[in-house]
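Source file: query-v2.pdb; contents: PDB, C-alpha atoms.
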MODEL        1
ATOM      1  CA  MET E   1     187.797  24.769 186.149
ATOM      2  CA  ASN E   2     186.974  28.277 185.008
ATOM      3  CA  SER E   3     183.797  27.113 183.211
ATOM      4  CA  ASN E   4     182.574  25.360 186.399
ATOM      5  CA  ASN E   5     183.008  28.567 188.336
ATOM      6  CA  ASN E   6     180.952  30.459 185.731
ATOM      7  CA  ASN E   7     178.091  27.932 186.017
ATOM      8  CA  LYS E   8     178.120  28.173 189.789
ATOM      9  CA  LYS E   9     178.105  31.963 189.664
ATOM     10  CA  GLN E  10     175.060  32.076 187.332
ATOM     11  CA  GLY E  11     173.188  29.542 189.481
ATOM     12  CA  GLY E  12     169.455  28.992 189.046
ATOM     13  CA  PHE E  13     167.493  26.668 186.817
ATOM     14  CA  SER E  14     168.587  25.926 183.272
ATOM     15  CA  PHE E  15     165.839  24.469 181.089
ATOM     16  CA  ALA E  16     168.333  23.827 178.272
ATOM     17  CA  LYS E  17     170.643  21.870 180.580
ATOM     18  CA  LEU E  18     167.714  19.816 181.924
ATOM     19  CA  SER E  19     166.578  19.068 178.338
ATOM     20  CA  ILE E  20     170.017  17.800 177.380
ATOM     21  CA  ASN E  21     170.545  15.767 180.554
ATOM     22  CA  ARG E  22     166.987  14.276 180.731
ATOM     23  CA  PRO E  23     165.548  14.005 177.172
ATOM     24  CA  ILE E  24     162.980  11.313 178.072
ATOM     25  CA  PHE E  25     161.602  13.426 180.943
ATOM     26  CA  ILE E  26     161.196  16.473 178.657
ATOM     27  CA  THR E  27     159.609  14.306 175.933
ATOM     28  CA  CYS E  28     157.055  13.004 178.459
ATOM     29  CA  ILE E  29     156.250  16.552 179.632
ATOM     30  CA  VAL E  30     155.742  17.746 176.033
ATOM     31  CA  LEU E  31     153.545  14.731 175.192
ATOM     32  CA  MET E  32     151.427  15.203 178.318
ATOM     33  CA  THR E  33     150.963  18.879 177.460
ATOM     34  CA  MET E  34     149.908  18.007 173.907
ATOM     35  CA  ILE E  35     147.478  15.310 175.051
ATOM     36  CA  THR E  36     145.936  17.625 177.653
ATOM     37  CA  GLY E  37     145.570  20.363 175.027
ATOM     38  CA  TYR E  38     143.938  17.972 172.534
ATOM     39  CA  ILE E  39     141.450  16.679 175.118
ATOM     40  CA  SER E  40     140.636  20.207 176.227
ATOM     41  CA  MET E  41     140.121  21.323 172.626
ATOM     42  CA  LYS E  42     137.726  18.427 171.935
ATOM     43  CA  ASN E  43     135.663  19.171 175.066
ATOM     44  CA  LEU E  44     135.484  22.934 174.425
ATOM     45  CA  PRO E  45     132.001  23.828 173.167
ATOM     46  CA  VAL E  46     132.084  25.855 169.967
ATOM     47  CA  ASP E  47     128.983  27.176 168.254
ATOM     48  CA  LEU E  48     128.953  28.893 164.877
ATOM     49  CA  PHE E  49     125.859  30.911 165.823
ATOM     50  CA  PRO E  50     125.691  31.157 169.617
ATOM     51  CA  ASP E  51     122.410  32.170 171.228
ATOM     52  CA  VAL E  52     123.047  35.765 172.245
ATOM     53  CA  THR E  53     120.132  37.822 173.487
ATOM     54  CA  PHE E  54     120.774  41.520 173.761
ATOM     55  CA  PRO E  55     118.656  43.109 176.472
ATOM     56  CA  VAL E  56     116.951  45.707 174.273
ATOM     57  CA  VAL E  57     113.283  46.701 174.421
ATOM     58  CA  THR E  58     111.727  48.815 171.655
ATOM     59  CA  VAL E  59     108.500  50.786 172.000
ATOM     60  CA  THR E  60     106.938  51.838 168.695
ATOM     61  CA  THR E  61     104.070  54.320 168.934
ATOM     62  CA  PRO E  62     102.130  55.373 165.808
ATOM     63  CA  TYR E  63     100.818  58.935 165.803
ATOM     64  CA  PRO E  64      99.129  59.529 162.432
ATOM     65  CA  GLY E  65      99.523  63.001 160.977
ATOM     66  CA  ALA E  66     102.216  64.161 163.410
ATOM     67  CA  GLY E  67     105.615  65.424 162.341
ATOM     68  CA  PRO E  68     108.952  64.327 163.817
ATOM     69  CA  ARG E  69     109.127  67.303 166.208
ATOM     70  CA  GLU E  70     105.626  66.574 167.567
ATOM     71  CA  THR E  71     106.341  62.858 168.069
ATOM     72  CA  GLU E  72     109.531  63.766 169.904
ATOM     73  CA  MET E  73     107.917  66.304 172.237
ATOM     74  CA  LEU E  74     104.569  64.570 172.818
ATOM     75  CA  ILE E  75     105.609  60.884 172.933
ATOM     76  CA  SER E  76     109.355  60.174 173.004
ATOM     77  CA  LYS E  77     110.240  62.633 175.781
ATOM     78  CA  ILE E  78     107.497  61.239 178.027
ATOM     79  CA  PHE E  79     108.632  57.638 177.501
ATOM     80  CA  GLU E  80     112.317  58.534 177.921
ATOM     81  CA  GLU E  81     111.628  60.200 181.263
ATOM     82  CA  GLU E  82     109.608  57.191 182.449
ATOM     83  CA  PHE E  83     112.138  54.588 181.269
ATOM     84  CA  ALA E  84     115.069  56.444 182.871
ATOM     85  CA  THR E  85     113.725  55.488 186.313
ATOM     86  CA  ILE E  86     114.030  51.733 185.609
ATOM     87  CA  SER E  87     117.048  50.040 187.204
ATOM     88  CA  GLY E  88     119.606  48.499 184.853
ATOM     89  CA  VAL E  89     119.047  50.912 181.952
ATOM     90  CA  LYS E  90     122.219  51.452 179.940
ATOM     91  CA  THR E  91     121.044  53.808 177.170
ATOM     92  CA  ILE E  92     117.796  55.258 175.854
ATOM     93  CA  ARG E  93     117.519  56.408 172.235
ATOM     94  CA  SER E  94     114.566  57.645 170.253
ATOM     95  CA  ILE E  95     113.856  57.774 166.541
ATOM     96  CA  ASN E  96     111.176  60.268 165.572
ATOM     97  CA  GLN E  97     109.746  60.105 162.093
ATOM     98  CA  GLU E  98     106.636  61.285 160.329
ATOM     99  CA  GLY E  99     103.748  59.682 162.219
ATOM    100  CA  VAL E 100     105.776  57.324 164.454
ATOM    101  CA  SER E 101     107.908  57.423 167.587
ATOM    102  CA  ILE E 102     110.400  54.640 168.296
ATOM    103  CA  VAL E 103     112.051  54.538 171.722
ATOM    104  CA  VAL E 104     114.879  52.005 172.099
ATOM    105  CA  THR E 105     115.924  51.135 175.650
ATOM    106  CA  GLU E 106     119.123  49.119 176.116
ATOM    107  CA  PHE E 107     119.749  47.395 179.426
ATOM    108  CA  ASN E 108     122.918  46.046 181.054
ATOM    109  CA  PHE E 109     123.757  42.451 180.123
ATOM    110  CA  SER E 110     123.110  41.324 183.697
ATOM    111  CA  THR E 111     119.473  42.453 183.447
ATOM    112  CA  ASP E 112     116.856  39.766 182.818
ATOM    113  CA  ILE E 113     115.090  40.611 179.538
ATOM    114  CA  LYS E 114     111.713  39.364 180.816
ATOM    115  CA  TYR E 115     111.994  41.634 183.855
ATOM    116  CA  ALA E 116     113.049  44.580 181.674
ATOM    117  CA  GLU E 117     110.163  44.059 179.282
ATOM    118  CA  GLN E 118     107.660  43.919 182.133
ATOM    119  CA  GLN E 119     109.081  47.118 183.623
ATOM    120  CA  ILE E 120     108.740  48.840 180.230
ATOM    121  CA  ARG E 121     105.122  47.607 179.931
ATOM    122  CA  ASP E 122     104.330  49.046 183.358
ATOM    123  CA  LYS E 123     105.908  52.398 182.487
ATOM    124  CA  VAL E 124     104.085  52.569 179.135
ATOM    125  CA  SER E 125     100.787  51.886 180.914
ATOM    126  CA  SER E 126     101.416  54.613 183.484
ATOM    127  CA  ALA E 127     102.514  57.134 180.816
ATOM    128  CA  ARG E 128      99.541  56.375 178.539
ATOM    129  CA  ALA E 129      97.430  59.052 180.266
ATOM    130  CA  ASP E 130     100.024  61.749 179.413
ATOM    131  CA  LEU E 131      99.986  60.950 175.682
ATOM    132  CA  PRO E 132      97.706  62.726 173.185
ATOM    133  CA  ASP E 133      94.257  61.168 172.694
ATOM    134  CA  ASP E 134      94.721  60.241 169.011
ATOM    135  CA  VAL E 135      97.941  58.252 169.603
ATOM    136  CA  GLU E 136      97.557  54.597 168.678
ATOM    137  CA  GLU E 137      98.453  51.724 171.024
ATOM    138  CA  PRO E 138     102.254  51.382 171.532
ATOM    139  CA  THR E 139     103.888  48.147 170.393
ATOM    140  CA  ILE E 140     106.517  46.709 172.752
ATOM    141  CA  ARG E 141     109.208  44.377 171.388
TER     142      ARG E 141
ENDMDL
END
For the structure just supplied, provide its representation as structure tokens.
Amino acid sequence: MNSNNNNKKQGGFSFAKLSINRPIFITCIVLMTMITGYISMKNLPVDLFPDVTFPVVTVTTPYPGAGPRETEMLISKIFEEEFATISGVKTIRSINQEGVSIVVTEFNFSTDIKYAEQQIRDKVSSARADLPDDVEEPTIR
């Protein structure tokens, strides 16, 4: 009688007690869970090399005979200031080497890459007048 009182005092649901009293019910639940998991696993698309496009646009501008400091001041700074006004820009980095300026603009993942590239093209066109005369045509990728 004492053990019955203890069970009544604890109250609540006992999964172990249900498993012992209804083994066929628990077996059916486990089998249904396994079958559902197997079907879900088979229908889950898995790709070894998923198509991931990072919204990054790179502008490479050759400037023959110029040093890194000149490419930074005369090209990269101008492009960075122009690109900063585009919506959706996450980061802007520039690499300035002997005779070349590379400006890398990274956009938020929600930004359409075609839209971002067109915005960069527009900004490069508008900034072209501020660049030195002997700068070659920028390449946008």
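Under the PyMOL selection byres ((chain E and resi 119) around 12), the matching residues in the shown file are Val57, Glu82, Phe83, Ala84, Thr85, Ile86, Ser87, Gly88, Val89, Thr105, Phe107, Thr111, Asp112, Ile113, Lys114, Tyr115, Ala116, Glu117, Gln118, Ile120, Arg121, Asp122, Lys123, Val124, Ser125, Ser126 and Ile140 of chain E.
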Taken to one decimal, the CA of Ala16 (chain E)-CA of Met32 (chain E) distance is 19.0 Å
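Minimum distance to Glu81 (chain E) across E:Asn21, E:Leu48, E:Met41, E:Val103 (counting all atoms listed in the file) occurs at E:Val103.
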Within 6 Å of (110.2, 52.3, 166.8), all atoms listed in the file: residues as a list in words?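 In the file's frame, the residues around the point are Val59, Thr60, Ser101, Ile102 and Val103 of chain E.
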**Item:** Counting all atoms listed in the file, the residue of E:Tyr63, E:Pro50, E:Thr27, E:Leu18 that sits nearest Glu137 (chain E)
**Value:**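 Between E:Tyr63, E:Pro50, E:Thr27, E:Leu18, the residue approaching Glu137 (chain E) most closely is E:Tyr63.
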Correct to one decimal, the distance CA of Tyr38 (chain E)-CA of Val52 (chain E) is 27.4 Å
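The shortest atom-to-atom distance to Thr139 (chain E), with all atoms listed in the file taken into account, belongs to E:Thr61 out of E:Lys42, E:Ser14, E:Thr61, E:Glu106.
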Enter the distance from CA of Glu70 (chain E) to CA of Ile95 (chain E), in Å, rounded to one decimal.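 These two atoms are separated by 12.1 Å.
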Handout entry: Closest of E:Ile75, E:Leu131, E:Ala66, E:Val56 to Lys90 (chain E) - atom-to-atom distances counting all atoms listed in the file
Key =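 Of E:Ile75, E:Leu131, E:Ala66, E:Val56, the one nearest Lys90 (chain E), counting all atoms listed in the file, is E:Val56.
Here the question is which of E:Val104, E:Val135, E:Ala129, E:Met73 gets nearest to Pro55 (chain E) using all atoms listed in the file, and that residue is E:Val104.
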Generate N, CA and C atoms for region 46-73 of chain E and emit them as a PDB file, keeping the file's coordinate frame.
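To be explicit, this is the file written out as result.pdb:
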ATOM      1  N   VAL E  46     131.956  24.802 170.960  1.00  0.00           N
ATOM      2  CA  VAL E  46     132.084  25.855 169.967  1.00  0.00           C
ATOM      3  C   VAL E  46     130.798  25.866 169.151  1.00  0.00           C
ATOM      4  N   ASP E  47     130.223  27.054 168.999  1.00  0.00           N
ATOM      5  CA  ASP E  47     128.983  27.176 168.254  1.00  0.00           C
ATOM      6  C   ASP E  47     129.169  28.253 167.201  1.00  0.00           C
ATOM      7  N   LEU E  48     128.807  27.939 165.965  1.00  0.00           N
ATOM      8  CA  LEU E  48     128.953  28.893 164.877  1.00  0.00           C
ATOM      9  C   LEU E  48     128.047  30.093 165.084  1.00  0.00           C
ATOM     10  N   PHE E  49     126.818  29.846 165.549  1.00  0.00           N
ATOM     11  CA  PHE E  49     125.859  30.911 165.823  1.00  0.00           C
ATOM     12  C   PHE E  49     125.361  30.771 167.257  1.00  0.00           C
ATOM     13  N   PRO E  50     126.114  31.293 168.229  1.00  0.00           N
ATOM     14  CA  PRO E  50     125.691  31.157 169.617  1.00  0.00           C
ATOM     15  C   PRO E  50     124.421  31.965 169.891  1.00  0.00           C
ATOM     16  N   ASP E  51     123.637  31.500 170.847  1.00  0.00           N
ATOM     17  CA  ASP E  51     122.410  32.170 171.228  1.00  0.00           C
ATOM     18  C   ASP E  51     122.760  33.363 172.108  1.00  0.00           C
ATOM     19  N   VAL E  52     122.727  34.550 171.523  1.00  0.00           N
ATOM     20  CA  VAL E  52     123.047  35.765 172.245  1.00  0.00           C
ATOM     21  C   VAL E  52     121.805  36.650 172.221  1.00  0.00           C
ATOM     22  N   THR E  53     121.302  36.964 173.378  1.00  0.00           N
ATOM     23  CA  THR E  53     120.132  37.822 173.487  1.00  0.00           C
ATOM     24  C   THR E  53     120.569  39.157 174.074  1.00  0.00           C
ATOM     25  N   PHE E  54     120.432  40.200 173.283  1.00  0.00           N
ATOM     26  CA  PHE E  54     120.774  41.520 173.761  1.00  0.00           C
ATOM     27  C   PHE E  54     119.575  42.085 174.506  1.00  0.00           C
ATOM     28  N   PRO E  55     119.778  42.593 175.695  1.00  0.00           N
ATOM     29  CA  PRO E  55     118.656  43.109 176.472  1.00  0.00           C
ATOM     30  C   PRO E  55     118.212  44.488 175.968  1.00  0.00           C
ATOM     31  N   VAL E  56     117.445  44.485 174.886  1.00  0.00           N
ATOM     32  CA  VAL E  56     116.951  45.707 174.273  1.00  0.00           C
ATOM     33  C   VAL E  56     115.439  45.600 174.136  1.00  0.00           C
ATOM     34  N   VAL E  57     114.735  46.648 174.557  1.00  0.00           N
ATOM     35  CA  VAL E  57     113.283  46.701 174.421  1.00  0.00           C
ATOM     36  C   VAL E  57     112.943  47.929 173.591  1.00  0.00           C
ATOM     37  N   THR E  58     112.111  47.736 172.556  1.00  0.00           N
ATOM     38  CA  THR E  58     111.727  48.815 171.655  1.00  0.00           C
ATOM     39  C   THR E  58     110.241  49.095 171.796  1.00  0.00           C
ATOM     40  N   VAL E  59     109.898  50.362 171.932  1.00  0.00           N
ATOM     41  CA  VAL E  59     108.500  50.786 172.000  1.00  0.00           C
ATOM     42  C   VAL E  59     108.217  51.638 170.771  1.00  0.00           C
ATOM     43  N   THR E  60     107.319  51.138 169.917  1.00  0.00           N
ATOM     44  CA  THR E  60     106.938  51.838 168.695  1.00  0.00           C
ATOM     45  C   THR E  60     105.521  52.369 168.876  1.00  0.00           C
ATOM     46  N   THR E  61     105.365  53.688 168.725  1.00  0.00           N
ATOM     47  CA  THR E  61     104.070  54.320 168.934  1.00  0.00           C
ATOM     48  C   THR E  61     103.656  55.103 167.686  1.00  0.00           C
ATOM     49  N   PRO E  62     102.631  54.622 166.972  1.00  0.00           N
ATOM     50  CA  PRO E  62     102.130  55.373 165.808  1.00  0.00           C
ATOM     51  C   PRO E  62     101.317  56.597 166.240  1.00  0.00           C
ATOM     52  N   TYR E  63     101.559  57.707 165.555  1.00  0.00           N
ATOM     53  CA  TYR E  63     100.818  58.935 165.803  1.00  0.00           C
ATOM     54  C   TYR E  63     100.519  59.552 164.437  1.00  0.00           C
ATOM     55  N   PRO E  64      99.433  59.104 163.810  1.00  0.00           N
ATOM     56  CA  PRO E  64      99.129  59.529 162.432  1.00  0.00           C
ATOM     57  C   PRO E  64      98.998  61.041 162.313  1.00  0.00           C
ATOM     58  N   GLY E  65      99.630  61.587 161.280  1.00  0.00           N
ATOM     59  CA  GLY E  65      99.523  63.001 160.977  1.00  0.00           C
ATOM     60  C   GLY E  65     100.490  63.890 161.735  1.00  0.00           C
ATOM     61  N   ALA E  66     101.281  63.350 162.623  1.00  0.00           N
ATOM     62  CA  ALA E  66     102.216  64.161 163.410  1.00  0.00           C
ATOM     63  C   ALA E  66     103.588  64.177 162.755  1.00  0.00           C
ATOM     64  N   GLY E  67     104.270  65.301 162.874  1.00  0.00           N
ATOM     65  CA  GLY E  67     105.615  65.424 162.341  1.00  0.00           C
ATOM     66  C   GLY E  67     106.644  64.911 163.338  1.00  0.00           C
ATOM     67  N   PRO E  68     107.893  64.828 162.927  1.00  0.00           N
ATOM     68  CA  PRO E  68     108.952  64.327 163.817  1.00  0.00           C
ATOM     69  C   PRO E  68     109.100  65.126 165.108  1.00  0.00           C
ATOM     70  N   ARG E  69     108.985  66.458 165.019  1.00  0.00           N
ATOM     71  CA  ARG E  69     109.127  67.303 166.208  1.00  0.00           C
ATOM     72  C   ARG E  69     107.991  67.027 167.202  1.00  0.00           C
ATOM     73  N   GLU E  70     106.775  66.858 166.693  1.00  0.00           N
ATOM     74  CA  GLU E  70     105.626  66.574 167.567  1.00  0.00           C
ATOM     75  C   GLU E  70     105.757  65.214 168.239  1.00  0.00           C
ATOM     76  N   THR E  71     106.182  64.192 167.466  1.00  0.00           N
ATOM     77  CA  THR E  71     106.341  62.858 168.069  1.00  0.00           C
ATOM     78  C   THR E  71     107.432  62.876 169.136  1.00  0.00           C
ATOM     79  N   GLU E  72     108.462  63.680 168.900  1.00  0.00           N
ATOM     80  CA  GLU E  72     109.531  63.766 169.904  1.00  0.00           C
ATOM     81  C   GLU E  72     109.022  64.409 171.190  1.00  0.00           C
ATOM     82  N   MET E  73     108.350  65.551 171.056  1.00  0.00           N
ATOM     83  CA  MET E  73     107.917  66.304 172.237  1.00  0.00           C
ATOM     84  C   MET E  73     106.744  65.637 172.967  1.00  0.00           C
TER      85      MET E  73
END
